[in-house]
Every structure is written in C-alpha cells, then in structure tokens.
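Please read the structure below before turning to the comments.
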Amino acid sequence: MIKIQQQDFDLGEEYDALRARSRSPGAIVTFSGLVRDISDRENISAMELEHYPGMTEKSLQGIADQARERWQLDQFTIIHRVGKLLPDQQIVFVGVSSAHRAAAFAACEFIMDYLKTQAPFWKKEFTTAGARWVEAKSSDQESAQRWQPK
Amino acid sequence: MAVDIWYLARLRETLACDHEQLELSDGIDTVSDLLHWLSQRGEVWHQTLLDEKILVAVNHTVASMHTTISDDDEIAFFPPVTGG
C-alpha cells in the first residue's frame, strides 16, 4: 500500500493494518522518519515537502517491486507526507511484513534507501536565515549503492 | 509534435515557470535536443537546464538525455531528489 498524504499517520494503526493484511507474518519491521530541527547551519522552523504526482506513486511501486524480487515479502506500507511540516513531526513510514525477520529488516532498509535517492520528493527548509532547497546528500547515494550487485 | 513540460522544485522557482505546453519544431527528437532548445531562452534557462545534475522523466519514468520524445509526452525536469 502506498499513500502520499498531507495528514499525519498513527504508528499503531499502520502496524495493525499491515498485520491484518498479512497472511502469515513471522516478522513485521517498521521505520518512521521525523523532521529534524537542525540542518547544517541553522535551526529549522518548518519544512515544505513537494512531490511529482503520478511519478511518485509509480516510483515507490517500482521500489517495492524490486524489494519483492530480492526478498520473500508478505505485505508492505509506504506513507510519505507532503506539504508543510514542523520539526519533530512524522514525515515517512515504511512497514514490511515477512515470514522471517532478516528479509523484513533488509527490505525496509532497501525501500528507505531507494526512496531517498529515487522517489521524486524535494524538501525546502525554512530557517532563521531564510528558505532554501535541501541539497541531495552523497551519503544517501552511498547508502543506496550498497544494494547494487558487486 | 506537442508536449507537456513540468519544472519542479528549485527549477520551478529559478525559471519562474511550473508548466507549459509546447509545439516542438522539427529536429527536436530527444531530451537533449529539447534541453538545448529551451536553454536558448536566456542566461537563467541556459545555466539552470544545462546543469549536469539535472534529472528528467518522460511519462513519469526516469529518462536520459538520449531518450526519444514523442507526441503528447509529459516531460519533467527536476533537481536531485531529497525525500524521506
């Protein structure tokens, strides 16, 4: 299940829904990302999340399909919020169910690494020094590259 | 041939344009052709669009400079992504 939404999500409800959809999960791994309150230099007062409707859903589905090809997965949920967000608010959720924990852990990390480097989302930070678009980090690229065949 | 072009995030602000429909003249067959044609609109367009980091999608799929453009395509130009 893929959801792009402005509203917040409830971790407990998402866990329960993922568990209910799963057939025989031995493991459920969930990740939630929060808006940080500090960037490289200044305090962040707010964050604006933009995406490319149409491509975003297709891109996330493609990432989930790749995860399914690599690991035996049961169900997944990806939620990404868009619009204006404040520090400490939840921004992203990835949940994966599988018969075994190793697959669920790995797939959850894989989906996050690929989401950060491939899905068409952009963050704009609002700080005391003004607004600015967040630059892509090479550490995120390196993190995603570890899943490439050697 | 007519195409829809979207400029996203930082590009939209720098170019002061979010979306346009264009009738392309003969000889514009690839993403690269289109970029070079658009970059002739002025200094801002030239600097922004010929940045090597710029990414492109054709019909919601990541494309390359060599991707061929067809009638009715939706083309989007955007900076490296920063979600999650």
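Every chain in the structure tokens has a letter given in the order shown (A, B, ...), and although residue numbers restart at 1 in each chain, ligands are simply numbered from 1 in the order shown.
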
**Report entry** His46 in chain B environment, 12 Å, only C-alpha atoms, sequence neighbours closer than 5 positions dropped, as a PyMOL selection string
**Finding:** chain B and resi 11+14-15+35-41+51-52

Filtered DSSP result for range 15-81 of chain B, state strand (DSSP E), as a PDB file with N, CA and C atoms, in the first residue's frame:
```pdb
ATOM      1  N   HIS B  19       4.842  24.956 -15.554  1.00  0.00           N
ATOM      2  CA  HIS B  19       4.292  24.038 -16.545  1.00  0.00           C
ATOM      3  C   HIS B  19       4.045  24.784 -17.843  1.00  0.00           C
ATOM      4  N   GLU B  20       4.312  24.132 -18.955  1.00  0.00           N
ATOM      5  CA  GLU B  20       3.962  24.743 -20.237  1.00  0.00           C
ATOM      6  C   GLU B  20       3.688  23.647 -21.270  1.00  0.00           C
ATOM      7  N   GLN B  21       2.847  23.993 -22.231  1.00  0.00           N
ATOM      8  CA  GLN B  21       2.596  23.085 -23.354  1.00  0.00           C
ATOM      9  C   GLN B  21       3.276  23.695 -24.564  1.00  0.00           C
ATOM     10  N   LEU B  22       4.081  22.881 -25.224  1.00  0.00           N
ATOM     11  CA  LEU B  22       4.854  23.421 -26.342  1.00  0.00           C
ATOM     12  C   LEU B  22       4.650  22.605 -27.611  1.00  0.00           C
ATOM     13  N   GLU B  23       4.643  23.314 -28.703  1.00  0.00           N
ATOM     14  CA  GLU B  23       4.654  22.670 -30.016  1.00  0.00           C
ATOM     15  C   GLU B  23       6.118  22.657 -30.452  1.00  0.00           C
ATOM     16  N   LEU B  55      17.823  16.235 -13.607  1.00  0.00           N
ATOM     17  CA  LEU B  55      17.233  14.929 -13.917  1.00  0.00           C
ATOM     18  C   LEU B  55      15.992  15.136 -14.768  1.00  0.00           C
ATOM     19  N   VAL B  56      15.621  14.088 -15.501  1.00  0.00           N
ATOM     20  CA  VAL B  56      14.463  14.203 -16.387  1.00  0.00           C
ATOM     21  C   VAL B  56      13.623  12.930 -16.320  1.00  0.00           C
ATOM     22  N   ALA B  57      12.315  13.122 -16.409  1.00  0.00           N
ATOM     23  CA  ALA B  57      11.403  11.981 -16.506  1.00  0.00           C
ATOM     24  C   ALA B  57      10.527  12.194 -17.736  1.00  0.00           C
ATOM     25  N   VAL B  58      10.281  11.114 -18.459  1.00  0.00           N
ATOM     26  CA  VAL B  58       9.354  11.161 -19.583  1.00  0.00           C
ATOM     27  C   VAL B  58       8.199  10.223 -19.249  1.00  0.00           C
ATOM     28  N   THR B  61       8.556   8.294 -15.913  1.00  0.00           N
ATOM     29  CA  THR B  61       9.641   7.332 -15.748  1.00  0.00           C
ATOM     30  C   THR B  61      10.965   8.062 -15.969  1.00  0.00           C
ATOM     31  N   VAL B  62      11.942   7.779 -15.102  1.00  0.00           N
ATOM     32  CA  VAL B  62      13.239   8.436 -15.250  1.00  0.00           C
ATOM     33  C   VAL B  62      13.802   8.158 -16.639  1.00  0.00           C
ATOM     34  N   ALA B  63      14.272   9.206 -17.292  1.00  0.00           N
ATOM     35  CA  ALA B  63      14.769   9.085 -18.663  1.00  0.00           C
ATOM     36  C   ALA B  63      16.200   9.619 -18.723  1.00  0.00           C
ATOM     37  N   GLU B  74       4.657  13.649 -21.548  1.00  0.00           N
ATOM     38  CA  GLU B  74       4.796  14.551 -20.402  1.00  0.00           C
ATOM     39  C   GLU B  74       6.244  14.473 -19.944  1.00  0.00           C
ATOM     40  N   ILE B  75       6.914  15.600 -20.001  1.00  0.00           N
ATOM     41  CA  ILE B  75       8.346  15.643 -19.673  1.00  0.00           C
ATOM     42  C   ILE B  75       8.544  16.508 -18.435  1.00  0.00           C
ATOM     43  N   ALA B  76       9.331  16.011 -17.488  1.00  0.00           N
ATOM     44  CA  ALA B  76       9.578  16.789 -16.264  1.00  0.00           C
ATOM     45  C   ALA B  76      11.073  16.934 -16.035  1.00  0.00           C
ATOM     46  N   PHE B  77      11.484  18.146 -15.690  1.00  0.00           N
ATOM     47  CA  PHE B  77      12.874  18.413 -15.324  1.00  0.00           C
ATOM     48  C   PHE B  77      12.917  18.734 -13.838  1.00  0.00           C
ATOM     49  N   PHE B  78      13.901  18.162 -13.134  1.00  0.00           N
ATOM     50  CA  PHE B  78      13.959  18.398 -11.688  1.00  0.00           C
ATOM     51  C   PHE B  78      15.370  18.180 -11.140  1.00  0.00           C
TER      52      PHE B  78
END
```

Query raised in the report: At what distance in Å, to one decimal, does CA of Val94 in chain A lie from CA of Gln6 in chain A?
Result: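 Distance reported for this atom pair: 16.2 Å.
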
Select all residues from chain A having any atom no more than 7 Å from an atom of chain B (counting only C-alpha atoms, ignoring ligands), output as a compact mmCIF listing (two decimals) with N, CA and C atoms, in the first residue's frame.
```
# COMPACT_ATOMS: atom_id res chain seq x y z
N GLY A 33 10.30 8.10 9.92
CA GLY A 33 11.26 9.20 9.86
C GLY A 33 10.60 10.48 10.34
N GLU A 50 7.60 18.79 -1.37
CA GLU A 50 6.95 18.80 -2.69
C GLU A 50 7.17 17.44 -3.34
N GLY A 54 1.83 11.36 -9.71
CA GLY A 54 1.84 10.49 -10.89
C GLY A 54 3.14 9.70 -10.92
N MET A 55 4.25 10.42 -10.91
CA MET A 55 5.54 9.72 -10.92
C MET A 55 5.88 9.19 -9.52
N VAL A 92 7.77 10.17 7.17
CA VAL A 92 7.73 8.98 6.32
C VAL A 92 7.56 7.72 7.17
N LEU A 115 13.97 5.03 -1.67
CA LEU A 115 13.03 6.16 -1.60
C LEU A 115 13.81 7.48 -1.53
N LYS A 116 14.85 7.51 -0.70
CA LYS A 116 15.60 8.75 -0.51
C LYS A 116 16.38 9.18 -1.74
N THR A 117 16.73 8.24 -2.60
CA THR A 117 17.59 8.59 -3.74
C THR A 117 16.87 8.53 -5.09
N GLN A 118 15.65 7.98 -5.12
CA GLN A 118 14.97 7.84 -6.42
C GLN A 118 13.57 8.43 -6.49
N ALA A 119 12.83 8.43 -5.38
CA ALA A 119 11.45 8.90 -5.44
C ALA A 119 11.42 10.43 -5.54
N PRO A 120 10.55 10.97 -6.41
CA PRO A 120 10.57 12.42 -6.67
C PRO A 120 9.92 13.26 -5.56
N PHE A 121 10.65 13.42 -4.47
CA PHE A 121 10.26 14.33 -3.38
C PHE A 121 11.38 15.35 -3.22
N TRP A 122 11.00 16.56 -2.84
CA TRP A 122 12.00 17.61 -2.57
C TRP A 122 11.62 18.34 -1.30
N LYS A 123 12.66 18.61 -0.47
CA LYS A 123 12.44 19.31 0.79
C LYS A 123 12.94 20.75 0.69
N TRP A 133 16.26 25.21 -0.61
CA TRP A 133 16.05 23.82 -1.00
C TRP A 133 17.16 22.96 -0.44
N VAL A 134 16.80 21.82 0.09
CA VAL A 134 17.79 20.90 0.66
C VAL A 134 18.58 20.26 -0.48
N GLU A 135 19.89 20.17 -0.29
CA GLU A 135 20.76 19.53 -1.29
C GLU A 135 20.77 18.01 -1.09
N ALA A 136 20.85 17.27 -2.16
CA ALA A 136 20.94 15.81 -2.05
C ALA A 136 22.28 15.45 -1.39
```

For Val35 in chain A, list every protein, DNA or RNA residue within 7 Å, evaluated using only C-alpha atoms, and leave out those in the same chain fewer than 5 positions away; present the list as a JSON list (two decimals) with all heavy atoms, in the first residue's frame.
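Generated file (result05.json):
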```json
[["chain", "number", "residue", "atom", "x", "y", "z"],
["A", 86, "LEU", "N", 6.45, 20.47, 10.52],
["A", 86, "LEU", "CA", 7.22, 21.13, 11.57],
["A", 86, "LEU", "C", 8.24, 20.16, 12.16],
["A", 86, "LEU", "O", 8.08, 18.95, 12.04],
["A", 86, "LEU", "CB", 6.27, 21.63, 12.66],
["A", 86, "LEU", "CG", 5.20, 22.61, 12.19],
["A", 86, "LEU", "CD1", 4.22, 22.92, 13.32],
["A", 86, "LEU", "CD2", 5.84, 23.89, 11.67],
["A", 87, "PRO", "N", 9.30, 20.70, 12.77],
["A", 87, "PRO", "CA", 10.30, 19.83, 13.40],
["A", 87, "PRO", "C", 9.65, 18.82, 14.35],
["A", 87, "PRO", "O", 8.69, 19.15, 15.03],
["A", 87, "PRO", "CB", 11.19, 20.81, 14.17],
["A", 87, "PRO", "CG", 11.08, 22.07, 13.41],
["A", 87, "PRO", "CD", 9.67, 22.12, 12.90],
["A", 88, "ASP", "N", 10.20, 17.63, 14.36],
["A", 88, "ASP", "CA", 9.74, 16.51, 15.20],
["A", 88, "ASP", "C", 8.47, 15.84, 14.68],
["A", 88, "ASP", "O", 8.04, 14.84, 15.26],
["A", 88, "ASP", "CB", 9.54, 16.92, 16.67],
["A", 88, "ASP", "CG", 10.83, 17.39, 17.30],
["A", 88, "ASP", "OD1", 11.89, 16.87, 16.91],
["A", 88, "ASP", "OD2", 10.78, 18.28, 18.16],
["A", 89, "GLN", "N", 7.86, 16.37, 13.64],
["A", 89, "GLN", "CA", 6.68, 15.70, 13.09],
["A", 89, "GLN", "C", 7.11, 14.50, 12.24],
["A", 89, "GLN", "O", 8.21, 14.48, 11.68],
["A", 89, "GLN", "CB", 5.84, 16.67, 12.25],
["A", 89, "GLN", "CG", 5.10, 17.69, 13.10],
["A", 89, "GLN", "CD", 4.12, 18.51, 12.29],
["A", 89, "GLN", "OE1", 4.33, 18.76, 11.11],
["A", 89, "GLN", "NE2", 3.04, 18.93, 12.92],
["A", 90, "GLN", "N", 6.21, 13.55, 12.11],
["A", 90, "GLN", "CA", 6.50, 12.36, 11.31],
["A", 90, "GLN", "C", 6.42, 12.74, 9.83],
["A", 90, "GLN", "O", 5.55, 13.48, 9.42],
["A", 90, "GLN", "CB", 5.47, 11.27, 11.60],
["A", 90, "GLN", "CG", 5.44, 10.86, 13.06],
["A", 90, "GLN", "CD", 4.49, 9.71, 13.31],
["A", 90, "GLN", "OE1", 4.92, 8.63, 13.64],
["A", 90, "GLN", "NE2", 3.20, 9.94, 13.13],
["A", 91, "ILE", "N", 7.34, 12.19, 9.05],
["A", 91, "ILE", "CA", 7.37, 12.54, 7.62],
["A", 91, "ILE", "C", 7.20, 11.30, 6.74],
["A", 91, "ILE", "O", 6.58, 11.35, 5.69],
["A", 91, "ILE", "CB", 8.66, 13.33, 7.28],
["A", 91, "ILE", "CG1", 8.75, 13.70, 5.83],
["A", 91, "ILE", "CG2", 9.90, 12.58, 7.67],
["A", 91, "ILE", "CD1", 9.86, 14.70, 5.56]]
```

**Report entry** For Glu42 in chain A, the nearest of the candidates A:Ile78, A:Ala144, A:Ala129, A:Leu85, counting only C-alpha atoms
**Finding:**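 Checking each candidate against Glu42 in chain A, we get A:Ala129 as the closest.
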
Please run DSSP on the backbone and report, as a short mmCIF file (atom, residue, chain, number, x, y, z; two decimals) with all heavy atoms, in the first residue's frame, all residues within chain B that come out as helix (DSSP H, G or I).
```cif
data_model
loop_
_atom_site.label_atom_id
_atom_site.label_comp_id
_atom_site.auth_asym_id
_atom_site.auth_seq_id
_atom_site.Cartn_x
_atom_site.Cartn_y
_atom_site.Cartn_z
N ARG B 10 13.25 23.37 -7.12
CA ARG B 10 14.12 24.54 -7.32
C ARG B 10 14.04 25.08 -8.76
O ARG B 10 14.09 26.29 -9.00
CB ARG B 10 15.56 24.13 -7.02
CG ARG B 10 16.54 25.27 -6.99
CD ARG B 10 17.95 24.78 -7.30
NE ARG B 10 18.35 23.67 -6.44
CZ ARG B 10 19.00 23.84 -5.30
NH1 ARG B 10 19.31 25.02 -4.87
NH2 ARG B 10 19.34 22.78 -4.59
N LEU B 11 13.89 24.18 -9.73
CA LEU B 11 13.83 24.62 -11.13
C LEU B 11 12.63 25.52 -11.39
O LEU B 11 12.72 26.50 -12.12
CB LEU B 11 13.77 23.41 -12.07
CG LEU B 11 15.11 22.90 -12.61
CD1 LEU B 11 16.02 22.44 -11.50
CD2 LEU B 11 14.89 21.80 -13.62
N ARG B 12 11.50 25.15 -10.78
CA ARG B 12 10.29 25.94 -10.98
C ARG B 12 10.50 27.38 -10.50
O ARG B 12 10.08 28.33 -11.15
CB ARG B 12 9.12 25.31 -10.23
CG ARG B 12 7.81 26.08 -10.36
CD ARG B 12 6.72 25.58 -9.43
NE ARG B 12 7.12 25.68 -8.04
CZ ARG B 12 7.38 24.64 -7.26
NH1 ARG B 12 7.22 23.42 -7.69
NH2 ARG B 12 7.77 24.83 -6.02
N GLU B 13 11.16 27.50 -9.35
CA GLU B 13 11.38 28.84 -8.78
C GLU B 13 12.41 29.63 -9.58
O GLU B 13 12.22 30.80 -9.85
CB GLU B 13 11.82 28.72 -7.32
CG GLU B 13 10.69 28.19 -6.45
CD GLU B 13 11.06 28.20 -4.97
OE1 GLU B 13 12.22 28.46 -4.64
OE2 GLU B 13 10.16 27.92 -4.16
N THR B 14 13.49 28.96 -9.96
CA THR B 14 14.54 29.67 -10.70
C THR B 14 14.05 30.13 -12.07
O THR B 14 14.34 31.23 -12.51
CB THR B 14 15.77 28.75 -10.88
OG1 THR B 14 16.11 28.19 -9.62
CG2 THR B 14 16.95 29.52 -11.42
N LEU B 15 13.27 29.27 -12.73
CA LEU B 15 12.80 29.59 -14.08
C LEU B 15 11.49 30.38 -14.06
O LEU B 15 11.04 30.85 -15.10
CB LEU B 15 12.60 28.30 -14.89
CG LEU B 15 13.86 27.44 -15.07
CD1 LEU B 15 13.52 26.11 -15.72
CD2 LEU B 15 14.90 28.19 -15.90
N VAL B 31 15.49 14.21 -25.52
CA VAL B 31 15.51 15.07 -24.34
C VAL B 31 16.64 16.09 -24.46
O VAL B 31 16.47 17.27 -24.17
CB VAL B 31 15.70 14.21 -23.07
CG1 VAL B 31 16.03 15.09 -21.87
CG2 VAL B 31 14.44 13.38 -22.79
N SER B 32 17.77 15.63 -24.92
CA SER B 32 18.93 16.52 -25.09
C SER B 32 18.62 17.65 -26.08
O SER B 32 18.93 18.82 -25.81
CB SER B 32 20.13 15.70 -25.58
OG SER B 32 21.21 16.55 -25.83
N ASP B 33 17.97 17.31 -27.20
CA ASP B 33 17.59 18.34 -28.18
C ASP B 33 16.68 19.38 -27.52
O ASP B 33 16.84 20.59 -27.72
CB ASP B 33 16.82 17.71 -29.35
CG ASP B 33 17.68 16.76 -30.17
OD1 ASP B 33 18.92 16.88 -30.11
OD2 ASP B 33 17.09 15.91 -30.87
N LEU B 34 15.72 18.90 -26.76
CA LEU B 34 14.75 19.79 -26.12
C LEU B 34 15.45 20.72 -25.12
O LEU B 34 15.20 21.92 -25.08
CB LEU B 34 13.67 18.96 -25.40
CG LEU B 34 12.64 19.74 -24.59
CD1 LEU B 34 11.85 20.71 -25.48
CD2 LEU B 34 11.67 18.79 -23.88
N LEU B 35 16.36 20.13 -24.30
CA LEU B 35 17.08 20.94 -23.31
C LEU B 35 17.89 22.04 -23.97
O LEU B 35 17.89 23.18 -23.51
CB LEU B 35 18.03 20.03 -22.51
CG LEU B 35 17.50 19.45 -21.22
CD1 LEU B 35 18.58 18.59 -20.55
CD2 LEU B 35 17.05 20.54 -20.25
N HIS B 36 18.57 21.69 -25.04
CA HIS B 36 19.40 22.70 -25.70
C HIS B 36 18.55 23.78 -26.36
O HIS B 36 18.91 24.95 -26.38
CB HIS B 36 20.35 22.03 -26.70
CG HIS B 36 21.52 21.41 -26.01
ND1 HIS B 36 21.51 20.13 -25.52
CD2 HIS B 36 22.72 21.93 -25.64
CE1 HIS B 36 22.66 19.87 -24.92
NE2 HIS B 36 23.41 20.94 -24.98
N TRP B 37 17.40 23.38 -26.85
CA TRP B 37 16.48 24.36 -27.45
C TRP B 37 15.94 25.31 -26.37
O TRP B 37 15.94 26.53 -26.55
CB TRP B 37 15.35 23.60 -28.15
CG TRP B 37 14.40 24.49 -28.89
CD1 TRP B 37 14.67 25.26 -29.97
CD2 TRP B 37 13.01 24.68 -28.58
NE1 TRP B 37 13.54 25.93 -30.38
CE2 TRP B 37 12.51 25.59 -29.53
CE3 TRP B 37 12.16 24.17 -27.60
CZ2 TRP B 37 11.17 26.01 -29.53
CZ3 TRP B 37 10.83 24.58 -27.60
CH2 TRP B 37 10.34 25.49 -28.55
N LEU B 38 15.51 24.75 -25.23
CA LEU B 38 14.99 25.58 -24.13
C LEU B 38 16.07 26.48 -23.54
O LEU B 38 15.79 27.60 -23.11
CB LEU B 38 14.41 24.68 -23.02
CG LEU B 38 13.12 23.92 -23.34
CD1 LEU B 38 12.84 22.87 -22.26
CD2 LEU B 38 11.94 24.88 -23.45
N SER B 39 17.31 25.99 -23.54
CA SER B 39 18.39 26.75 -22.90
C SER B 39 18.72 28.02 -23.68
O SER B 39 19.42 28.90 -23.18
CB SER B 39 19.63 25.88 -22.77
OG SER B 39 20.22 25.68 -24.03
N GLN B 40 18.19 28.13 -24.90
CA GLN B 40 18.46 29.35 -25.69
C GLN B 40 17.52 30.49 -25.32
O GLN B 40 17.58 31.58 -25.89
CB GLN B 40 18.31 29.03 -27.19
CG GLN B 40 19.41 28.12 -27.70
CD GLN B 40 19.12 27.56 -29.08
OE1 GLN B 40 18.26 28.06 -29.80
NE2 GLN B 40 19.83 26.52 -29.45
N ARG B 41 16.65 30.26 -24.32
CA ARG B 41 15.72 31.31 -23.92
C ARG B 41 16.40 32.44 -23.14
O ARG B 41 15.79 33.46 -22.89
CB ARG B 41 14.61 30.71 -23.05
CG ARG B 41 13.59 29.93 -23.85
CD ARG B 41 12.61 29.27 -22.93
NE ARG B 41 11.45 28.78 -23.65
CZ ARG B 41 10.47 28.09 -23.07
NH1 ARG B 41 10.53 27.82 -21.78
NH2 ARG B 41 9.45 27.67 -23.79
N GLU B 43 19.96 33.55 -20.23
CA GLU B 43 21.03 33.12 -19.33
C GLU B 43 20.53 32.20 -18.21
O GLU B 43 21.16 31.18 -17.91
CB GLU B 43 21.70 34.37 -18.74
CG GLU B 43 22.97 34.10 -17.95
CD GLU B 43 24.03 33.35 -18.76
OE1 GLU B 43 24.06 33.51 -20.00
OE2 GLU B 43 24.81 32.60 -18.14
N VAL B 44 19.40 32.57 -17.60
CA VAL B 44 18.87 31.77 -16.49
C VAL B 44 18.52 30.36 -16.98
O VAL B 44 18.85 29.36 -16.33
CB VAL B 44 17.62 32.44 -15.87
CG1 VAL B 44 16.99 31.52 -14.84
CG2 VAL B 44 18.01 33.76 -15.23
N TRP B 45 17.86 30.30 -18.12
CA TRP B 45 17.49 28.99 -18.67
C TRP B 45 18.73 28.18 -19.02
O TRP B 45 18.80 26.98 -18.77
CB TRP B 45 16.61 29.18 -19.91
CG TRP B 45 15.24 29.66 -19.55
CD1 TRP B 45 14.88 30.93 -19.25
CD2 TRP B 45 14.05 28.85 -19.42
NE1 TRP B 45 13.54 30.97 -18.93
CE2 TRP B 45 13.02 29.72 -19.04
CE3 TRP B 45 13.78 27.50 -19.58
CZ2 TRP B 45 11.71 29.27 -18.81
CZ3 TRP B 45 12.49 27.04 -19.38
CH2 TRP B 45 11.47 27.92 -19.00
N HIS B 46 19.70 28.85 -19.61
CA HIS B 46 20.93 28.19 -20.03
C HIS B 46 21.63 27.57 -18.80
O HIS B 46 21.96 26.38 -18.79
CB HIS B 46 21.85 29.21 -20.72
CG HIS B 46 23.07 28.60 -21.31
ND1 HIS B 46 23.09 28.06 -22.58
CD2 HIS B 46 24.31 28.43 -20.80
CE1 HIS B 46 24.30 27.58 -22.82
NE2 HIS B 46 25.05 27.79 -21.77
N GLN B 47 21.82 28.39 -17.77
CA GLN B 47 22.54 27.92 -16.58
C GLN B 47 21.79 26.82 -15.84
O GLN B 47 22.37 25.87 -15.35
CB GLN B 47 22.78 29.09 -15.63
CG GLN B 47 23.96 29.94 -16.04
CD GLN B 47 24.36 30.92 -14.95
OE1 GLN B 47 23.75 30.95 -13.90
NE2 GLN B 47 25.38 31.70 -15.22
N THR B 48 20.48 26.99 -15.76
CA THR B 48 19.67 26.04 -14.98
C THR B 48 19.53 24.70 -15.69
O THR B 48 19.69 23.64 -15.09
CB THR B 48 18.27 26.63 -14.73
OG1 THR B 48 18.42 27.93 -14.14
CG2 THR B 48 17.46 25.74 -13.81
N LEU B 49 19.24 24.74 -16.97
CA LEU B 49 18.94 23.49 -17.69
C LEU B 49 20.19 22.72 -18.12
O LEU B 49 20.13 21.50 -18.29
CB LEU B 49 18.07 23.78 -18.90
CG LEU B 49 16.66 24.28 -18.57
CD1 LEU B 49 15.86 24.50 -19.85
CD2 LEU B 49 15.92 23.30 -17.67
#
```

Query - Contact residues around Ile28 in chain A with only C-alpha atoms at 10 Å, ignoring same-chain residues under 2 positions, as a PyMOL selection string - result: chain A and resi 15+18-19+22+25-26+30+74-76+95-101+103-105+108

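Picture a line from CA of Asp71 in chain B to CA of Tyr52 in chain A; it runs 21.0 Å.
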
Query - Ser70 in chain B environment, 9 Å, only C-alpha atoms, sequence neighbours closer than 4 positions dropped, as a list in words - result: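 These residues fall inside the cut-off: Met1, Ala2, Val3, Asp29 and Thr30 of chain B.
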